[in-house]
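Data file: my_file26.txt. Format and content: compact mmCIF, C-alpha atoms.
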# COMPACT_ATOMS: atom_id res chain seq x y z
CA MET G 360 0.00 0.00 0.00
CA ARG G 361 1.43 3.34 -1.06
CA ILE G 362 1.25 6.53 0.98
CA GLU G 363 -0.94 8.08 -1.75
CA ASP G 364 -3.58 5.42 -1.09
CA ALA G 365 -3.64 6.44 2.56
CA PHE G 366 -4.09 10.10 1.56
CA LEU G 367 -6.86 9.13 -0.84
CA GLY G 368 -8.58 7.14 1.90
CA VAL G 369 -8.43 10.09 4.31
CA THR G 370 -9.79 12.39 1.57
CA VAL G 371 -12.76 10.11 0.91
CA ALA G 372 -13.42 9.80 4.67
CA LEU G 373 -13.40 13.60 5.03
CA LEU G 374 -15.75 13.89 2.06
CA GLY G 375 -18.06 11.54 3.95
CA LEU G 376 -17.88 13.98 6.88
CA VAL G 377 -18.76 16.80 4.46
CA LEU G 378 -21.95 14.82 3.71
CA VAL G 379 -22.85 14.91 7.41
CA TYR G 380 -22.26 18.67 7.60
CA LEU G 381 -24.29 19.28 4.48
CA PHE G 382 -27.12 17.18 5.95
CA ARG G 383 -27.10 19.49 8.98
CA VAL G 384 -27.08 22.56 6.71
CA ALA G 385 -30.01 21.25 4.68
CA VAL G 386 -32.16 19.90 7.53
CA GLY G 387 -31.47 22.35 10.36
CA PRO G 388 -33.68 22.46 12.41
CA THR G 389 -32.56 25.89 13.72
CA VAL G 390 -30.55 28.54 11.87
CA PHE G 391 -27.67 28.05 14.34
CA ASP G 392 -27.31 24.38 13.33
CA ARG G 393 -26.95 25.50 9.74
CA ILE G 394 -24.34 28.16 10.55
CA LEU G 395 -22.32 25.62 12.57
CA GLY G 396 -22.59 23.19 9.66
CA VAL G 397 -21.21 25.77 7.20
CA SER G 398 -18.36 26.68 9.59
CA ALA G 399 -17.34 23.04 10.06
CA LEU G 400 -17.61 22.61 6.29
CA GLY G 401 -15.10 25.45 5.80
CA THR G 402 -12.61 23.90 8.23
CA THR G 403 -12.86 20.47 6.61
CA THR G 404 -12.59 21.96 3.12
CA THR G 405 -9.24 23.52 4.15
CA ILE G 406 -7.85 20.07 4.99
CA ILE G 407 -9.37 18.44 1.91
CA LEU G 408 -7.68 21.09 -0.28
CA LEU G 409 -4.30 20.15 1.28
CA LEU G 410 -4.92 16.43 0.68
CA VAL G 411 -5.95 17.11 -2.92
CA GLY G 412 -2.70 19.10 -3.28
CA VAL G 413 -0.72 16.03 -2.13
CA LEU G 414 -2.65 13.76 -4.50
CA TYR G 415 -2.07 16.12 -7.46
CA ASP G 416 1.61 16.62 -6.47
CA ARG G 417 1.17 20.42 -6.33
CA ILE G 418 1.23 20.85 -2.57
CA GLU G 419 3.16 24.18 -2.62
CA LEU G 420 0.30 25.83 -4.53
CA PHE G 421 -2.44 24.29 -2.41
CA VAL G 422 -0.73 25.27 0.89
CA ASP G 423 -1.07 28.94 -0.05
CA LEU G 424 -4.67 28.40 -1.11
CA SER G 425 -5.73 26.61 2.06
CA LEU G 426 -4.01 29.21 4.26
CA ALA G 427 -5.94 32.04 2.59
CA TYR G 428 -9.05 29.84 2.63
CA ALA G 429 -8.72 29.25 6.38
CA LEU G 430 -8.37 32.99 6.94
CA LEU G 431 -11.53 33.77 4.98
CA SER G 432 -13.86 30.82 5.58
CA PHE G 433 -15.24 32.06 8.92
CA VAL G 434 -16.34 35.42 7.49
CA GLY G 435 -19.85 34.07 6.80
CA ALA G 436 -20.26 32.91 10.41
CA LEU G 437 -19.04 36.30 11.64
CA ALA G 438 -21.58 38.10 9.44
CA ALA G 439 -24.36 35.84 10.76
CA ALA G 440 -23.26 36.60 14.33
CA ARG G 441 -23.42 40.32 13.55
CA TYR G 442 -26.90 39.80 12.10
CA PHE G 443 -28.21 38.15 15.28
CA GLU G 444 -26.52 40.77 17.42
CA GLN G 445 -28.22 43.62 15.57
CA THR G 446 -31.70 42.16 15.08
CA GLY G 447 -31.98 40.10 18.28
CA ASP G 448 -34.23 37.45 16.64
CA ARG G 449 -33.49 33.80 15.88
CA MET I 509 -12.89 6.98 -8.14
CA SER I 510 -12.57 10.73 -8.67
CA GLU I 511 -15.58 10.56 -11.04
CA LEU I 512 -17.62 9.05 -8.18
CA VAL I 513 -16.53 11.83 -5.80
CA LEU I 514 -17.35 14.42 -8.45
CA ALA I 515 -20.78 12.93 -9.12
CA GLY I 516 -21.52 12.90 -5.38
CA LEU I 517 -20.45 16.54 -5.02
CA LEU I 518 -22.61 17.55 -8.00
CA VAL I 519 -25.66 15.82 -6.50
CA LEU I 520 -24.98 17.71 -3.26
CA LEU I 521 -24.74 20.97 -5.19
CA GLY I 522 -28.19 20.33 -6.66
CA ALA I 523 -29.62 19.48 -3.24
CA LEU I 524 -28.17 22.63 -1.65
CA ALA I 525 -29.49 24.78 -4.49
CA LEU I 526 -32.96 23.28 -3.93
CA VAL I 527 -32.71 24.05 -0.20
CA ALA I 528 -31.70 27.65 -0.98
CA VAL I 529 -34.54 28.13 -3.45
CA SER I 530 -37.28 26.49 -1.38
CA ALA I 531 -36.42 27.90 2.06
CA ALA I 532 -39.19 30.14 3.44
CA ASP I 533 -36.65 31.83 5.74
CA LEU I 534 -34.26 33.89 3.58
CA LEU I 535 -31.52 33.64 6.24
CA ILE I 536 -31.51 29.87 5.71
CA ALA I 537 -31.35 30.45 1.95
CA ALA I 538 -28.26 32.69 2.36
CA ILE I 539 -26.49 30.12 4.56
CA ALA I 540 -27.36 27.28 2.17
CA LEU I 541 -25.84 29.34 -0.66
CA GLY I 542 -22.65 29.68 1.44
CA ALA I 543 -22.45 25.89 1.77
CA TYR I 544 -23.11 25.66 -1.99
CA GLY I 545 -20.02 27.88 -2.53
CA PHE I 546 -17.85 25.59 -0.40
CA ALA I 547 -19.06 22.47 -2.23
CA LEU I 548 -18.49 24.14 -5.61
CA ALA I 549 -14.95 25.12 -4.50
CA LEU I 550 -14.30 21.42 -3.78
CA VAL I 551 -15.57 20.53 -7.27
CA TRP I 552 -13.13 22.99 -8.88
CA ALA I 553 -10.26 21.63 -6.74
CA ALA I 554 -11.12 18.06 -7.77
CA LEU I 555 -11.10 19.17 -11.44
CA GLY I 556 -7.56 20.54 -10.98
CA ALA I 557 -8.39 24.28 -11.05
CA PRO I 558 -7.14 25.56 -7.66
CA ASP I 559 -7.25 29.25 -8.61
CA VAL I 560 -10.92 29.03 -9.66
CA SER I 561 -11.62 27.01 -6.54
CA PHE I 562 -10.07 29.73 -4.40
CA THR I 563 -12.06 32.50 -6.11
CA GLU I 564 -15.25 30.51 -5.66
CA ALA I 565 -14.54 30.01 -1.96
CA VAL I 566 -13.78 33.68 -1.35
CA VAL I 567 -16.52 35.19 -3.52
CA GLY I 568 -19.20 32.47 -3.51
CA ALA I 569 -18.92 31.26 0.08
CA GLY I 570 -17.46 34.35 1.78
CA ALA I 571 -18.36 37.68 0.22
CA THR I 572 -21.79 36.69 -1.16
CA THR I 573 -22.96 35.42 2.24
CA VAL I 574 -21.85 38.69 3.86
CA PHE I 575 -23.64 40.76 1.19
CA PHE I 576 -26.86 38.72 1.53
CA LEU I 577 -26.78 39.06 5.31
CA ALA I 578 -26.15 42.82 5.03
CA ALA I 579 -29.15 43.09 2.70
CA LEU I 580 -31.33 40.97 5.02
CA LEU I 581 -30.32 43.15 7.98
CA ARG I 582 -31.85 46.16 6.23
CA THR I 583 -34.90 44.42 4.74
CA SER I 584 -36.88 41.38 5.90
CA ARG I 585 -36.15 37.70 6.45
CA ARG I 586 -39.49 36.59 5.04
CA ARG I 587 -39.86 35.79 1.37
CA SER I 588 -42.34 38.00 -0.53
CA ASN I 589 -45.41 36.40 -2.07
CA VAL I 590 -44.86 36.92 -5.76
CA PRO I 591 -48.04 35.96 -7.69
CA ASN I 592 -47.85 32.49 -9.22
CA PRO I 593 -47.98 33.35 -12.98
CA GLN I 594 -44.85 35.51 -12.63
CA ARG I 595 -43.02 32.66 -10.94
CA LEU I 596 -43.95 30.24 -13.71
CA VAL I 597 -42.62 32.65 -16.36
CA ALA I 598 -39.36 32.93 -14.40
CA LEU I 599 -39.10 29.13 -14.10
CA GLY I 600 -39.75 28.76 -17.84
CA ALA I 601 -37.05 31.32 -18.71
CA VAL I 602 -34.51 29.64 -16.41
CA LEU I 603 -35.24 26.18 -17.84
CA ALA I 604 -35.03 27.47 -21.44
CA VAL I 605 -31.65 29.19 -20.87
CA GLY I 606 -30.38 26.11 -19.02
CA LEU I 607 -31.40 23.87 -21.92
CA VAL I 608 -29.64 26.13 -24.46
CA LEU I 609 -26.46 26.11 -22.35
CA LEU I 610 -26.67 22.32 -21.96
CA VAL I 611 -26.98 21.87 -25.74
CA ALA I 612 -24.08 24.29 -26.29
CA THR I 613 -21.87 22.28 -23.87
CA ARG I 614 -21.89 19.35 -26.31
CA GLN I 615 -19.82 21.46 -28.74
CA LEU I 616 -17.09 22.14 -26.15
CA PRO I 617 -13.89 20.05 -26.17
CA LEU I 618 -13.68 17.36 -23.47
CA TRP I 619 -11.97 18.14 -20.17
CA GLY I 620 -8.18 17.71 -20.61
CA ASP I 621 -8.45 17.08 -24.38
CA VAL I 622 -4.93 17.62 -25.81
CA GLY I 623 -6.30 17.87 -29.37
CA ALA I 624 -8.60 20.81 -28.59
CA PRO I 625 -7.75 24.15 -30.29
CA PRO I 626 -6.82 25.93 -26.99
CA SER I 627 -4.37 23.12 -26.17
CA THR I 628 -2.78 22.93 -29.62
CA HIS I 629 -1.92 26.56 -30.32
CA VAL I 630 -3.32 29.09 -27.78
CA SER I 631 -1.76 27.78 -24.55
CA PRO I 632 1.67 26.95 -26.08
CA ARG I 633 1.85 30.44 -27.63
CA TYR I 634 1.40 32.09 -24.22
CA LEU I 635 3.57 29.61 -22.33
CA GLU I 636 6.48 29.96 -24.79
CA ARG I 637 6.45 33.72 -25.39
CA THR I 638 5.17 35.20 -22.10
CA LEU I 639 8.55 35.49 -20.39
CA GLU I 640 10.33 37.25 -23.28
CA GLU I 641 7.37 39.50 -24.15
CA THR I 642 6.25 40.59 -20.67
CA LEU I 643 9.16 39.63 -18.35
CA THR I 644 6.58 38.03 -16.01
CA PRO I 645 7.29 34.49 -14.72
CA ASN I 646 3.58 33.66 -14.10
CA ALA I 647 1.71 33.17 -17.40
CA VAL I 648 -1.77 33.62 -15.86
CA THR I 649 -0.76 36.94 -14.28
CA ALA I 650 0.73 38.07 -17.60
CA VAL I 651 -2.49 37.25 -19.48
CA VAL I 652 -4.70 39.04 -16.95
CA ALA I 653 -2.55 42.12 -16.34
CA ASP I 654 -0.62 42.49 -19.61
CA TYR I 655 -2.17 40.84 -22.70
CA ARG I 656 -5.72 41.65 -21.51
CA SER I 657 -4.96 44.72 -19.41
CA TYR I 658 -7.81 46.81 -20.92
CA ASP I 659 -10.23 43.98 -20.15
CA THR I 660 -9.00 43.88 -16.55
CA LEU I 661 -9.15 47.69 -16.29
CA ILE I 662 -12.81 47.81 -17.39
CA GLU I 663 -13.61 44.87 -15.10
CA THR I 664 -12.19 46.85 -12.20
CA LEU I 665 -14.39 49.76 -13.24
CA VAL I 666 -17.45 47.48 -13.28
CA ILE I 667 -16.64 46.15 -9.80
CA PHE I 668 -16.06 49.70 -8.53
CA THR I 669 -19.44 50.83 -9.92
CA GLY I 670 -21.14 47.78 -8.42
CA GLY I 671 -19.51 48.40 -5.04
CA LEU I 672 -20.49 52.07 -5.13
CA ALA I 673 -24.11 51.20 -5.99
CA GLY I 674 -24.21 48.59 -3.23
CA TRP I 675 -22.81 51.06 -0.73
CA LEU I 676 -25.36 53.72 -1.74
CA LEU I 677 -28.20 51.18 -1.35
CA LEU I 678 -27.05 49.65 1.93
CA ALA I 679 -25.62 52.68 3.75
CA ARG I 680 -27.79 53.70 6.69
CA PRO I 681 -29.59 57.04 6.24
CA ARG I 682 -28.56 59.49 8.95
Show me the file's structure as structure tokens.
Amino acid sequence: MRIEDAFLGVTVALLGLVLVYLFRVAVGPTVFDRILGVSALGTTTTIILLLVGVLYDRIELFVDLSLAYALLSFVGALAAARYFEQTGDR
Amino acid sequence: MSELVLAGLLVLLGALALVAVSAADLLIAAIALGAYGFALALVWAALGAPDVSFTEAVVGAGATTVFFLAALLRTSRRRSNVPNPQRLVALGAVLAVGLVLLVATRQLPLWGDVGAPPSTHVSPRYLERTLEETLTPNAVTAVVADYRSYDTLIETLVIFTGGLAGWLLLARPR
């Protein structure tokens, strides 16, 4: 078994996790469940991007991408937090 | 293997789009669109286009969600009750345009086709001559900022106008 197979296995497992997050985003039941689902999705996507970089043998490019991605992926959750702070509803 | 992953991601994209369209609460629709952006970014990464994937993640999942939330903050979370006939016309127009695009896709070269016109003479031309003509090591940067600099300039103008209009609409009256 090569190391690439292990990386591929981890990638597929994480994609399975993405399914769980997306289920939470789609089903809810509250808005907060959905926001948490999107946040977790952003974190996992960062790691999946790195693994895809290893699989495509272009890790130096994907490291930069996932770093910038990690910096920006929580912006949506922040905006939602601002929204609830200003309106006070759920 | 990667085809299976891609097919799964595309099914998810469809499901998330349906959630966004059918949600009665517009806040849920905005969040579902954010998740749609993340899933689409993964699709681009799996297709080997990391720069497009990155743009999709920043614009589709990040900025668009913020803009939608800013708009919702100043309007209402409830969807308006557009009369049914208007909705049907909109659905018909969307389906017709989608069908035209789908038919047009059949004329495109296959993904990664080395015999396609862009692969045989457009890409090699840029890759071979970019360094001597523009003194820029990155060919994509040279195309965007040098060969198509007017295009990029006007694009910047469009984005500036859009940003200005958005700011005028969303800025709080004093």
Subject >> Nearest to Ile536 of chain I by atom-to-atom distance, counting all atoms listed in the file, from G:Leu367, G:Ile394, G:Leu400, G:Ile362 >> reply: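 Checking each candidate against Ile536 of chain I, we get G:Ile394 as the closest.
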**OP:** Determine the nearest neighbour of Trp552 of chain I from the options I:Leu517, I:Ala569, I:Leu577, I:Leu607, counting only C-alpha atoms.
**Re:**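 Comparing I:Leu517, I:Ala569, I:Leu577, I:Leu607 against Trp552 of chain I, the winner is I:Leu517.
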Subject >> Interface residues on chain I facing chain G, 7 Å, all atoms listed in the file, written as JSON, numbers by chain >> reply: {"I": [524, 527, 536, 539, 540, 543, 546, 553, 562, 566, 570, 573, 574, 577, 581]}
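For the set I:Val602, I:Leu643, I:Leu526, I:Ala554, the residue with the smallest atom-to-atom gap to Leu514 of chain I is I:Ala554, counting all atoms listed in the file.
One distance worth recording is that between atom CA of Thr628 of chain I and atom CA of Leu555 of chain I, which is 20.3 Å.
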Would you give the centre and edge lengths, in Å to one decimal, of a box along x, y and z around the listed atoms of segment 442-445 of chain G, with 3 Å added to each side, as AutoDock Vina command-line options?
--center_x -27.4 --center_y 40.9 --center_z 14.8 --size_x 7.7 --size_y 11.5 --size_z 11.3
Original post:
Between G:Gly447, G:Asp423, G:Ala429, G:Asp392, which one has atoms that come closest to Asp559 of chain I, using all atoms listed in the file?
Top reply: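 Looking at the shortest contact to Asp559 of chain I, the residue is G:Asp423.
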Subject >> Coordinates-based distance that separates atom CA of Ala547 of chain I from atom CA of Ala565 of chain I (Å, one decimal) >> reply: 8.8 Å
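We find atom CA of Val422 of chain G and atom CA of Thr370 of chain G to be spaced 15.8 Å apart.
With all atoms listed in the file as the atoms that count, the minimum distance from Arg383 of chain G to the choices G:Ile406, G:Leu395, G:Ile418, G:Asp364 is reached by G:Leu395.
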**OP:** May I ask which of the residues I:Gln594, I:Thr664, I:Ser627, I:Thr572 is the closest one to Gly545 of chain I, counting all atoms listed in the file?
**Re:**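 Looking at the shortest contact to Gly545 of chain I, the residue is I:Thr572.
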